Amino acid sequence: MSKGLPKRSEDYSLWYNELVKKADLAENSAVRGCMVIKPYGYSIWEKMQAELDRMFKETGHTNAYFPLFIPKSYLSKEASHVEGFAKECAVVTHYRLKNSEDGSEVIVDPDAKLEEELIVRPTSETVIWSTYKNWIQSYRDLPLLVNQWANVVRWEMRTRLFLRTAEFLWQEGHTAHATKQEAIEETVQMMHVYATFAEQFMALPVVKGVKTENERFAGAEDTYCIEAMMQDGKALQAGTSHFLGQNFAKAFDVKFATKEGKLDFVWGTSWGVSTRLMGALIMAHSDDNGLVLPPKLAPIQVVIVPIYKGEEQLDAISEKAKELMAALRAKGISVKFDNRDTHKPGFKFAEYELKGVPVRIAIGPKDLENNSVEIARRDLLSKQTVSLADVEIGTFVEELLAEIQDSIYQKAKTFQTEHITEVNSWEEFQEVLEKKGGFLSAHWDGTGETEEKIKTLTKATIRCIPLDAKEEAGTCILTGQPSARRVLFAKAY
RNA sequence: CGGGGUGUAGCGUAGCCCGGUUAUCGCGCCACAUUUGGGAUGUGGAGGUCGCAAGUUCGAAUCUUGCCACCCCGACCA
């Protein structure tokens, strides 16, 4: 491991790229645009998955798995959907390889051409709705509440680790309902689930809102989203939940018999979050020393570093460390004792800071003498000496972790609040966007043309129409046309 | 996919313009010793198809062409 990380203030995106690699989260792979998620990074993703999965089950959903490949004809059944994804689909055309004439390489066997080409899923609405057609006959089969954990492929031109890769991991929920009302409620519910997860587990404050027509999911009637703010003031869409109306039901002919005996198309939703959340987590909290992880998602919550001279001291410290570990584990805290003799304590301190371990406990000869330990917290980089006679260590650390979780959230919340700026003129809009960044709360005339024009002029897009936007008469920032509420603009990832 | 840049050991680099001994330095790695409360020190050692391919040449890391990968800026996107 090499020393030092670029400074956020000097080059934010370089800082991000280096941090992802140096903290052992992910690296680029031999395949263009695809990443290798390394064990430490994957551990964090697993913790996210576990909690999200629990929340999905709690709201009545069940997991299933649908195929990676989608027949080409399926994709074209929903017009706007295919239009949205066509440009970034990987296509499978053959099913066999063979040795070349001279035997020097393997080539695609031209005789093994597929009759119908297969698309590697960019999302699974089409396969799933073609299946739902067979699963749904009556109102008694509804609602159908299914989620799948899967990988998807979107052939991106420019990729960045976690934020945009050609292949990524995600979950996609796909539900079918008897009424429009119920489907909308489901859509909104899942947005709230995402927001709760982001705030309580990722310590990431988000704005809940609705997308404008331009930013909406291809094939949806409405897209709800949670938007997070990164430390450079840019927005990152952290999760989306779509009300699909009857679009996919109509495209795949999914009808059900109502209580009254009539046939009707079902109402659909879909919702997803991806490994992009990893990017959000990294960019929201980390500093120039490395990763800062919220305790609830940290693979290692506490690391114990011994400081010693000679084997005798190490043995004595190890005894103490084992007692501590037992006490911490009894509280469900994940703890690692780093007794490697190959690195000095200072090296270990820096390493665990880089990796974002929330709490570090150092035990040295002085501590043995005084029956104390030194406890350091990653988020504030502060240290304190704690007497083990005065506190029950398990409880102490448990409370400290909770405090860190809260403190990280509050810090991000304060940053977010300070960087949502109300602007009332075009000059002000440009100036704030340029000099301060963050989200701009401004009036907009509601047309796609104006939105498009603002994007061309400033690179800022409408991130969402916040759910809590209050009715407020105003005039559009660009055109001066009347507007009923403010929307949030920002430059986005 | 357009414009710009970079590619030399695991990582970061010098050398390239002006072709010519055994390709430079730092970190990391291995061994031993001394060290251990914030990224240790010394001594010795290992590690290279100079991104890939073709060409020019007596001779290519260095010149030419093509390709590939990555980074930055655009268009597209979760």
# chains A, B, ... in the order shown; residues from 1 in each chain; ligands from 1

$ select_by_dssp --residues "segment 175-404 of chain A" --states "alpha helix (DSSP H)" --output "PyMOL selection string"
chain A and resi 180-200+247-251+276-285+310-330+345-354+365-370+393-404

$ write_last_selection --atoms "C-alpha atoms" --output "compact mmCIF listing (two decimals), in the first residue's frame"
# COMPACT_ATOMS: atom_id res chain seq x y z
CA LYS A 180 -54.06 2.02 -10.02
CA GLN A 181 -54.29 3.35 -6.49
CA GLU A 182 -52.62 0.30 -5.00
CA ALA A 183 -49.81 0.36 -7.56
CA ILE A 184 -49.11 4.01 -6.85
CA GLU A 185 -49.08 3.28 -3.12
CA GLU A 186 -46.56 0.49 -3.72
CA THR A 187 -44.37 2.81 -5.80
CA VAL A 188 -44.39 5.46 -3.11
CA GLN A 189 -43.87 2.92 -0.34
CA MET A 190 -40.71 1.58 -1.96
CA MET A 191 -39.32 5.08 -2.41
CA HIS A 192 -39.82 5.55 1.33
CA VAL A 193 -38.12 2.21 2.02
CA TYR A 194 -35.11 3.37 0.02
CA ALA A 195 -35.04 6.71 1.79
CA THR A 196 -35.22 5.02 5.18
CA PHE A 197 -32.42 2.68 4.23
CA ALA A 198 -30.27 5.53 2.95
CA GLU A 199 -30.78 7.67 6.01
CA GLN A 200 -30.71 5.05 8.76
CA ASN A 247 -47.98 -0.05 -20.01
CA PHE A 248 -46.31 -3.41 -19.56
CA ALA A 249 -49.58 -5.21 -18.87
CA LYS A 250 -50.83 -4.00 -22.22
CA ALA A 251 -47.58 -4.78 -24.01
CA ARG A 276 -24.05 2.67 -7.31
CA LEU A 277 -25.03 3.06 -3.68
CA MET A 278 -21.43 2.13 -2.92
CA GLY A 279 -20.34 5.22 -4.79
CA ALA A 280 -22.79 7.32 -2.85
CA LEU A 281 -21.58 5.91 0.44
CA ILE A 282 -17.96 6.62 -0.41
CA MET A 283 -18.47 10.13 -1.74
CA ALA A 284 -20.86 11.27 0.96
CA HIS A 285 -18.72 10.66 4.04
CA GLY A 310 8.60 -8.44 22.71
CA GLU A 311 6.51 -11.55 22.83
CA GLU A 312 5.82 -11.39 26.53
CA GLN A 313 4.03 -8.08 26.21
CA LEU A 314 2.12 -9.24 23.17
CA ASP A 315 0.89 -12.26 25.08
CA ALA A 316 -0.33 -10.11 27.94
CA ILE A 317 -2.04 -7.69 25.56
CA SER A 318 -3.60 -10.55 23.62
CA GLU A 319 -5.19 -11.78 26.84
CA LYS A 320 -6.72 -8.39 27.37
CA ALA A 321 -7.78 -8.15 23.74
CA LYS A 322 -9.57 -11.49 23.96
CA GLU A 323 -11.56 -10.27 26.94
CA LEU A 324 -12.51 -7.15 25.03
CA MET A 325 -13.48 -9.09 21.93
CA ALA A 326 -15.73 -11.37 23.94
CA ALA A 327 -17.44 -8.38 25.53
CA LEU A 328 -17.91 -6.64 22.17
CA ARG A 329 -19.11 -9.72 20.35
CA ALA A 330 -21.64 -10.31 23.08
CA PRO A 345 1.10 0.27 15.02
CA GLY A 346 1.35 3.55 13.13
CA PHE A 347 1.06 1.69 9.87
CA LYS A 348 -2.01 -0.14 11.08
CA PHE A 349 -3.62 3.07 12.29
CA ALA A 350 -3.26 4.59 8.83
CA GLU A 351 -4.47 1.44 7.13
CA TYR A 352 -7.68 1.16 9.13
CA GLU A 353 -8.34 4.84 8.66
CA LEU A 354 -8.02 4.36 4.92
CA PRO A 365 1.89 -1.62 28.16
CA LYS A 366 0.71 1.62 29.77
CA ASP A 367 -2.87 0.51 29.31
CA LEU A 368 -2.16 -2.84 30.92
CA GLU A 369 -0.71 -1.01 33.88
CA ASN A 370 -3.65 1.36 34.19
CA ILE A 393 -16.60 -1.80 27.45
CA GLY A 394 -19.31 -3.53 25.40
CA THR A 395 -21.90 -0.95 26.31
CA PHE A 396 -19.44 1.88 25.88
CA VAL A 397 -18.50 0.86 22.35
CA GLU A 398 -22.08 0.05 21.44
CA GLU A 399 -23.09 3.57 22.41
CA LEU A 400 -20.08 5.04 20.67
CA LEU A 401 -20.97 3.27 17.42
CA ALA A 402 -24.51 4.59 17.63
CA GLU A 403 -23.16 8.07 18.25
CA ILE A 404 -20.82 7.81 15.24

$ interface_residues --of "chain A" --to "chain B" --cutoff "10 Å" --atoms "only C-alpha atoms (C1' of nucleotides)" --output "ChimeraX atom specification"
/A:1-4,14,28,30-32,84-85,87-88,154-158,163-165,168,170,217,236-240,272-277,306-310,341,343-351,362-367,374,493

$ closest_residue --among "A:His242, A:Lys470, A:His177, A:Lys7" --to "Val210 of chain A" --atoms "only C-alpha atoms"
A:His242

$ atom_distance --atom1 "atom CA of Arg360 of chain A" --atom2 "atom CA of Lys331 of chain A"
16.6 Å

$ atom_distance --atom1 "atom CA of Ala460 of chain A" --atom2 "atom CA of Asp288 of chain A"
27.1 Å

$ closest_residue --among "A:Asp445, A:Asp222, A:Glu427, A:Asp406" --to "Ala203 of chain A" --atoms "only C-alpha atoms"
A:Asp406

$ residues_around --residues "Lys113 of chain A" --least-positions-apart "2" --cutoff "7 Å" --atoms "only C-alpha atoms (C1' of nucleotides)" --output "JSON, numbers by chain"
{"A": [93, 94, 95, 110, 111, 115]}

$ closest_residue --among "B:G20, B:G15, B:G2, B:G7" --to "C58 of chain B" --atoms "only C-alpha atoms (C1' of nucleotides)"
B:G20

$ residues_around --residues "G66 of chain B" --least-positions-apart "5" --cutoff "12 Å" --atoms "only C-alpha atoms (C1' of nucleotides)" --output "PyMOL selection string"
chain B and resi 52-55

$ residues_around --residues "C63 of chain B" --least-positions-apart "5" --cutoff "12 Å" --atoms "only C-alpha atoms (C1' of nucleotides)" --output "ChimeraX atom specification"
/B:16-19,55-57

$ write_last_selection --atoms "C-alpha atoms (C1' of nucleotides)" --output "short mmCIF file (atom, residue, chain, number, x, y, z; two decimals), in the first residue's frame"
data_model
loop_
_atom_site.label_atom_id
_atom_site.label_comp_id
_atom_site.auth_asym_id
_atom_site.auth_seq_id
_atom_site.Cartn_x
_atom_site.Cartn_y
_atom_site.Cartn_z
"C1'" C B 16 11.98 9.38 -25.63
"C1'" C B 17 12.61 15.59 -28.61
"C1'" C B 18 18.45 14.20 -30.60
"C1'" G B 19 18.09 5.66 -31.86
"C1'" G B 55 7.41 -1.34 -40.23
"C1'" U B 56 12.18 1.79 -40.84
"C1'" U B 57 17.35 0.64 -39.30
#

$ residues_around --residues "C72 of chain B" --least-positions-apart "4" --cutoff "12 Å" --atoms "only C-alpha atoms (C1' of nucleotides)" --output "PyMOL selection string"
(chain A and resi 11+13-14+158) or (chain B and resi 3-6)

$ write_last_selection --atoms "N, CA, C and O atoms (P, O5', C5', C4', C3', O3' and C1' of nucleotides)" --output "tab-separated table (two decimals), in the first residue's frame"
chain	number	residue	atom	x	y	z
A	11	ASP	N	-8.52	17.59	-6.44
A	11	ASP	CA	-9.06	16.84	-7.57
A	11	ASP	C	-10.02	15.78	-7.05
A	11	ASP	O	-9.63	14.68	-6.69
A	13	SER	N	-12.42	13.96	-8.36
A	13	SER	CA	-12.66	12.67	-9.01
A	13	SER	C	-11.43	11.76	-8.93
A	13	SER	O	-11.56	10.55	-8.83
A	14	LEU	N	-10.24	12.38	-8.92
A	14	LEU	CA	-9.03	11.57	-8.71
A	14	LEU	C	-9.04	10.99	-7.29
A	14	LEU	O	-8.71	9.82	-7.09
A	158	ARG	N	-18.71	5.86	-21.07
A	158	ARG	CA	-17.75	6.30	-20.04
A	158	ARG	C	-18.13	5.67	-18.73
A	158	ARG	O	-19.24	5.83	-18.25
B	3	G	P	-11.44	12.88	-33.20
B	3	G	O5'	-10.80	14.24	-32.70
B	3	G	C5'	-11.53	15.46	-32.66
B	3	G	C4'	-11.16	16.24	-31.42
B	3	G	C3'	-9.87	15.86	-30.72
B	3	G	O3'	-8.71	16.36	-31.35
B	3	G	C1'	-11.58	16.09	-29.11
B	4	G	P	-7.29	15.61	-31.13
B	4	G	O5'	-6.98	15.87	-29.59
B	4	G	C5'	-6.41	17.11	-29.17
B	4	G	C4'	-6.26	17.11	-27.67
B	4	G	C3'	-5.23	16.15	-27.10
B	4	G	O3'	-3.89	16.62	-27.22
B	4	G	C1'	-7.20	15.99	-25.83
B	5	G	P	-2.72	15.52	-27.46
B	5	G	O5'	-2.58	14.85	-26.01
B	5	G	C5'	-2.08	15.61	-24.92
B	5	G	C4'	-2.30	14.88	-23.63
B	5	G	C3'	-1.48	13.60	-23.43
B	5	G	O3'	-0.15	13.87	-23.03
B	5	G	C1'	-3.72	13.20	-22.78
B	6	U	P	1.02	12.85	-23.52
B	6	U	O5'	0.80	11.61	-22.55
B	6	U	C5'	1.04	11.74	-21.15
B	6	U	C4'	0.53	10.52	-20.43
B	6	U	C3'	1.20	9.20	-20.79
B	6	U	O3'	2.44	9.03	-20.13
B	6	U	C1'	-1.13	8.90	-20.74

$ select_by_dssp --residues "segment 149-234 of chain A" --states "strand (DSSP E)" --output "list in words"
Trp149, Ala150, Asn151, Val152, Val153, Glu167, Phe168, Leu169, Trp170, Gln171, Glu172, Gly173, His174, Thr175, Ala176, His177, Val206, Val207, Lys208, Gly209, Val210, Asp222, Thr223, Tyr224, Cys225, Ile226, Glu227, Ala228 and Met229 of chain A

$ residues_around --residues "Lys336 of chain A" --least-positions-apart "6" --cutoff "10 Å" --atoms "only C-alpha atoms (C1' of nucleotides)" --output "PyMOL selection string"
chain A and resi 299-305+321+325+360

$ closest_residue --among "B:U62, B:C30, B:G74, B:C25" --to "C50 of chain B" --atoms "only C-alpha atoms (C1' of nucleotides)"
B:U62

$ atom_distance --atom1 "atom CA of Trp444 of chain A" --atom2 "atom CA of Cys476 of chain A"
4.2 Å

$ decode --residues "segment 287-440 of chain A" --atoms "C-alpha atoms" --output "PDB file, in the first residue's frame"
ATOM      1  CA  ASP A 287     -12.216  12.394   3.811  1.00  0.00           C
ATOM      2  CA  ASP A 288      -8.610  12.945   2.747  1.00  0.00           C
ATOM      3  CA  ASN A 289      -7.453  10.160   5.068  1.00  0.00           C
ATOM      4  CA  GLY A 290      -9.697   7.608   3.414  1.00  0.00           C
ATOM      5  CA  LEU A 291     -13.024   5.954   3.774  1.00  0.00           C
ATOM      6  CA  VAL A 292     -15.477   6.853   6.517  1.00  0.00           C
ATOM      7  CA  LEU A 293     -18.033   4.092   6.955  1.00  0.00           C
ATOM      8  CA  PRO A 294     -21.225   4.302   8.948  1.00  0.00           C
ATOM      9  CA  PRO A 295     -20.999   1.637  11.694  1.00  0.00           C
ATOM     10  CA  LYS A 296     -24.150  -0.108  10.491  1.00  0.00           C
ATOM     11  CA  LEU A 297     -22.509  -0.960   7.164  1.00  0.00           C
ATOM     12  CA  ALA A 298     -18.876  -1.376   8.226  1.00  0.00           C
ATOM     13  CA  PRO A 299     -17.627  -4.944   7.726  1.00  0.00           C
ATOM     14  CA  ILE A 300     -15.303  -4.406  10.671  1.00  0.00           C
ATOM     15  CA  GLN A 301     -16.764  -2.069  13.278  1.00  0.00           C
ATOM     16  CA  VAL A 302     -13.908  -2.170  15.756  1.00  0.00           C
ATOM     17  CA  VAL A 303     -10.264  -3.001  15.285  1.00  0.00           C
ATOM     18  CA  ILE A 304      -7.954  -3.715  18.198  1.00  0.00           C
ATOM     19  CA  VAL A 305      -4.298  -2.815  17.652  1.00  0.00           C
ATOM     20  CA  PRO A 306      -1.726  -4.047  20.143  1.00  0.00           C
ATOM     21  CA  ILE A 307       1.325  -1.941  20.950  1.00  0.00           C
ATOM     22  CA  TYR A 308       4.133  -3.973  22.407  1.00  0.00           C
ATOM     23  CA  LYS A 309       7.809  -4.776  22.748  1.00  0.00           C
ATOM     24  CA  GLY A 310       8.596  -8.444  22.713  1.00  0.00           C
ATOM     25  CA  GLU A 311       6.513 -11.554  22.833  1.00  0.00           C
ATOM     26  CA  GLU A 312       5.824 -11.394  26.529  1.00  0.00           C
ATOM     27  CA  GLN A 313       4.028  -8.078  26.209  1.00  0.00           C
ATOM     28  CA  LEU A 314       2.121  -9.241  23.169  1.00  0.00           C
ATOM     29  CA  ASP A 315       0.891 -12.255  25.081  1.00  0.00           C
ATOM     30  CA  ALA A 316      -0.328 -10.112  27.936  1.00  0.00           C
ATOM     31  CA  ILE A 317      -2.040  -7.687  25.563  1.00  0.00           C
ATOM     32  CA  SER A 318      -3.596 -10.549  23.620  1.00  0.00           C
ATOM     33  CA  GLU A 319      -5.190 -11.783  26.838  1.00  0.00           C
ATOM     34  CA  LYS A 320      -6.720  -8.390  27.367  1.00  0.00           C
ATOM     35  CA  ALA A 321      -7.783  -8.152  23.736  1.00  0.00           C
ATOM     36  CA  LYS A 322      -9.568 -11.492  23.957  1.00  0.00           C
ATOM     37  CA  GLU A 323     -11.557 -10.269  26.940  1.00  0.00           C
ATOM     38  CA  LEU A 324     -12.514  -7.146  25.031  1.00  0.00           C
ATOM     39  CA  MET A 325     -13.478  -9.095  21.934  1.00  0.00           C
ATOM     40  CA  ALA A 326     -15.729 -11.367  23.939  1.00  0.00           C
ATOM     41  CA  ALA A 327     -17.444  -8.377  25.533  1.00  0.00           C
ATOM     42  CA  LEU A 328     -17.907  -6.638  22.171  1.00  0.00           C
ATOM     43  CA  ARG A 329     -19.107  -9.721  20.355  1.00  0.00           C
ATOM     44  CA  ALA A 330     -21.642 -10.308  23.082  1.00  0.00           C
ATOM     45  CA  LYS A 331     -23.154  -7.023  21.943  1.00  0.00           C
ATOM     46  CA  GLY A 332     -23.163  -8.137  18.305  1.00  0.00           C
ATOM     47  CA  ILE A 333     -20.265  -5.876  17.391  1.00  0.00           C
ATOM     48  CA  SER A 334     -17.882  -7.111  14.706  1.00  0.00           C
ATOM     49  CA  VAL A 335     -14.328  -6.810  15.918  1.00  0.00           C
ATOM     50  CA  LYS A 336     -10.918  -7.675  14.555  1.00  0.00           C
ATOM     51  CA  PHE A 337      -7.729  -8.105  16.562  1.00  0.00           C
ATOM     52  CA  ASP A 338      -4.808  -7.196  14.347  1.00  0.00           C
ATOM     53  CA  ASN A 339      -1.864  -8.992  15.917  1.00  0.00           C
ATOM     54  CA  ARG A 340       0.293  -9.033  12.800  1.00  0.00           C
ATOM     55  CA  ASP A 341       3.910  -8.721  13.821  1.00  0.00           C
ATOM     56  CA  THR A 342       4.914  -7.544  10.369  1.00  0.00           C
ATOM     57  CA  HIS A 343       3.594  -3.996  10.681  1.00  0.00           C
ATOM     58  CA  LYS A 344       4.066  -1.285  13.233  1.00  0.00           C
ATOM     59  CA  PRO A 345       1.103   0.269  15.024  1.00  0.00           C
ATOM     60  CA  GLY A 346       1.354   3.548  13.127  1.00  0.00           C
ATOM     61  CA  PHE A 347       1.065   1.693   9.866  1.00  0.00           C
ATOM     62  CA  LYS A 348      -2.012  -0.138  11.082  1.00  0.00           C
ATOM     63  CA  PHE A 349      -3.621   3.069  12.288  1.00  0.00           C
ATOM     64  CA  ALA A 350      -3.259   4.593   8.834  1.00  0.00           C
ATOM     65  CA  GLU A 351      -4.474   1.444   7.130  1.00  0.00           C
ATOM     66  CA  TYR A 352      -7.685   1.161   9.134  1.00  0.00           C
ATOM     67  CA  GLU A 353      -8.341   4.844   8.655  1.00  0.00           C
ATOM     68  CA  LEU A 354      -8.018   4.356   4.923  1.00  0.00           C
ATOM     69  CA  LYS A 355     -10.487   1.494   5.157  1.00  0.00           C
ATOM     70  CA  GLY A 356     -12.937   3.453   7.241  1.00  0.00           C
ATOM     71  CA  VAL A 357     -13.143   1.222  10.324  1.00  0.00           C
ATOM     72  CA  PRO A 358     -15.315   3.325  12.682  1.00  0.00           C
ATOM     73  CA  VAL A 359     -13.599   2.554  15.986  1.00  0.00           C
ATOM     74  CA  ARG A 360     -10.016   1.674  16.824  1.00  0.00           C
ATOM     75  CA  ILE A 361      -8.904   0.400  20.192  1.00  0.00           C
ATOM     76  CA  ALA A 362      -5.201   0.510  20.983  1.00  0.00           C
ATOM     77  CA  ILE A 363      -3.767  -1.432  23.894  1.00  0.00           C
ATOM     78  CA  GLY A 364      -0.193  -0.929  25.049  1.00  0.00           C
ATOM     79  CA  PRO A 365       1.888  -1.615  28.163  1.00  0.00           C
ATOM     80  CA  LYS A 366       0.710   1.624  29.774  1.00  0.00           C
ATOM     81  CA  ASP A 367      -2.870   0.512  29.311  1.00  0.00           C
ATOM     82  CA  LEU A 368      -2.162  -2.839  30.916  1.00  0.00           C
ATOM     83  CA  GLU A 369      -0.707  -1.014  33.881  1.00  0.00           C
ATOM     84  CA  ASN A 370      -3.653   1.358  34.190  1.00  0.00           C
ATOM     85  CA  ASN A 371      -6.355  -1.076  33.123  1.00  0.00           C
ATOM     86  CA  SER A 372      -7.288   1.267  30.280  1.00  0.00           C
ATOM     87  CA  VAL A 373      -7.503   1.386  26.496  1.00  0.00           C
ATOM     88  CA  GLU A 374      -7.183   4.133  23.932  1.00  0.00           C
ATOM     89  CA  ILE A 375     -10.298   4.505  21.815  1.00  0.00           C
ATOM     90  CA  ALA A 376     -10.223   6.448  18.551  1.00  0.00           C
ATOM     91  CA  ARG A 377     -13.149   7.260  16.288  1.00  0.00           C
ATOM     92  CA  ARG A 378     -12.655   7.433  12.547  1.00  0.00           C
ATOM     93  CA  ASP A 379     -15.190  10.110  11.694  1.00  0.00           C
ATOM     94  CA  LEU A 380     -13.662  12.785  13.936  1.00  0.00           C
ATOM     95  CA  LEU A 381     -10.130  11.334  14.113  1.00  0.00           C
ATOM     96  CA  SER A 382     -10.292  11.902  17.873  1.00  0.00           C
ATOM     97  CA  LYS A 383      -8.837   9.770  20.662  1.00  0.00           C
ATOM     98  CA  GLN A 384      -9.642   9.217  24.303  1.00  0.00           C
ATOM     99  CA  THR A 385      -8.294   7.001  27.042  1.00  0.00           C
ATOM    100  CA  VAL A 386     -10.954   4.936  28.714  1.00  0.00           C
ATOM    101  CA  SER A 387     -10.536   3.258  32.065  1.00  0.00           C
ATOM    102  CA  LEU A 388     -11.935  -0.248  31.990  1.00  0.00           C
ATOM    103  CA  ALA A 389     -12.734  -0.007  35.677  1.00  0.00           C
ATOM    104  CA  ASP A 390     -15.127   2.871  35.006  1.00  0.00           C
ATOM    105  CA  VAL A 391     -17.086   1.542  32.044  1.00  0.00           C
ATOM    106  CA  GLU A 392     -18.504  -1.686  30.709  1.00  0.00           C
ATOM    107  CA  ILE A 393     -16.600  -1.797  27.447  1.00  0.00           C
ATOM    108  CA  GLY A 394     -19.312  -3.531  25.401  1.00  0.00           C
ATOM    109  CA  THR A 395     -21.898  -0.949  26.309  1.00  0.00           C
ATOM    110  CA  PHE A 396     -19.443   1.884  25.883  1.00  0.00           C
ATOM    111  CA  VAL A 397     -18.502   0.862  22.352  1.00  0.00           C
ATOM    112  CA  GLU A 398     -22.082   0.054  21.440  1.00  0.00           C
ATOM    113  CA  GLU A 399     -23.090   3.573  22.405  1.00  0.00           C
ATOM    114  CA  LEU A 400     -20.079   5.042  20.667  1.00  0.00           C
ATOM    115  CA  LEU A 401     -20.968   3.268  17.416  1.00  0.00           C
ATOM    116  CA  ALA A 402     -24.509   4.591  17.632  1.00  0.00           C
ATOM    117  CA  GLU A 403     -23.159   8.067  18.249  1.00  0.00           C
ATOM    118  CA  ILE A 404     -20.823   7.811  15.240  1.00  0.00           C
ATOM    119  CA  GLN A 405     -23.675   6.614  13.047  1.00  0.00           C
ATOM    120  CA  ASP A 406     -25.724   9.614  14.112  1.00  0.00           C
ATOM    121  CA  SER A 407     -22.859  12.070  13.887  1.00  0.00           C
ATOM    122  CA  ILE A 408     -21.995  11.039  10.318  1.00  0.00           C
ATOM    123  CA  TYR A 409     -25.618  11.476   9.331  1.00  0.00           C
ATOM    124  CA  GLN A 410     -25.889  14.880  10.991  1.00  0.00           C
ATOM    125  CA  LYS A 411     -22.743  16.080   9.264  1.00  0.00           C
ATOM    126  CA  ALA A 412     -24.064  15.032   5.867  1.00  0.00           C
ATOM    127  CA  LYS A 413     -27.473  16.505   6.685  1.00  0.00           C
ATOM    128  CA  THR A 414     -25.954  19.850   7.609  1.00  0.00           C
ATOM    129  CA  PHE A 415     -23.945  19.857   4.410  1.00  0.00           C
ATOM    130  CA  GLN A 416     -27.036  19.054   2.394  1.00  0.00           C
ATOM    131  CA  THR A 417     -29.133  21.746   4.055  1.00  0.00           C
ATOM    132  CA  GLU A 418     -26.414  24.332   3.555  1.00  0.00           C
ATOM    133  CA  HIS A 419     -26.167  23.445  -0.113  1.00  0.00           C
ATOM    134  CA  ILE A 420     -29.794  23.656  -1.092  1.00  0.00           C
ATOM    135  CA  THR A 421     -30.147  27.235  -2.215  1.00  0.00           C
ATOM    136  CA  GLU A 422     -33.309  29.046  -3.232  1.00  0.00           C
ATOM    137  CA  VAL A 423     -32.655  31.159  -6.295  1.00  0.00           C
ATOM    138  CA  ASN A 424     -35.037  33.594  -7.925  1.00  0.00           C
ATOM    139  CA  SER A 425     -33.356  34.940 -11.024  1.00  0.00           C
ATOM    140  CA  TRP A 426     -31.433  33.501 -13.932  1.00  0.00           C
ATOM    141  CA  GLU A 427     -28.312  35.456 -12.917  1.00  0.00           C
ATOM    142  CA  GLU A 428     -28.535  34.119  -9.405  1.00  0.00           C
ATOM    143  CA  PHE A 429     -29.083  30.611 -10.754  1.00  0.00           C
ATOM    144  CA  GLN A 430     -25.913  30.710 -12.827  1.00  0.00           C
ATOM    145  CA  GLU A 431     -23.857  32.336 -10.121  1.00  0.00           C
ATOM    146  CA  VAL A 432     -24.834  29.951  -7.343  1.00  0.00           C
ATOM    147  CA  LEU A 433     -24.422  26.934  -9.609  1.00  0.00           C
ATOM    148  CA  GLU A 434     -20.970  28.119 -10.606  1.00  0.00           C
ATOM    149  CA  LYS A 435     -19.627  29.310  -7.267  1.00  0.00           C
ATOM    150  CA  LYS A 436     -21.383  27.263  -4.634  1.00  0.00           C
ATOM    151  CA  GLY A 437     -22.813  24.215  -6.382  1.00  0.00           C
ATOM    152  CA  GLY A 438     -25.236  21.912  -4.643  1.00  0.00           C
ATOM    153  CA  PHE A 439     -28.971  21.862  -5.310  1.00  0.00           C
ATOM    154  CA  LEU A 440     -30.798  24.915  -6.580  1.00  0.00           C
TER     155      LEU A 440
END
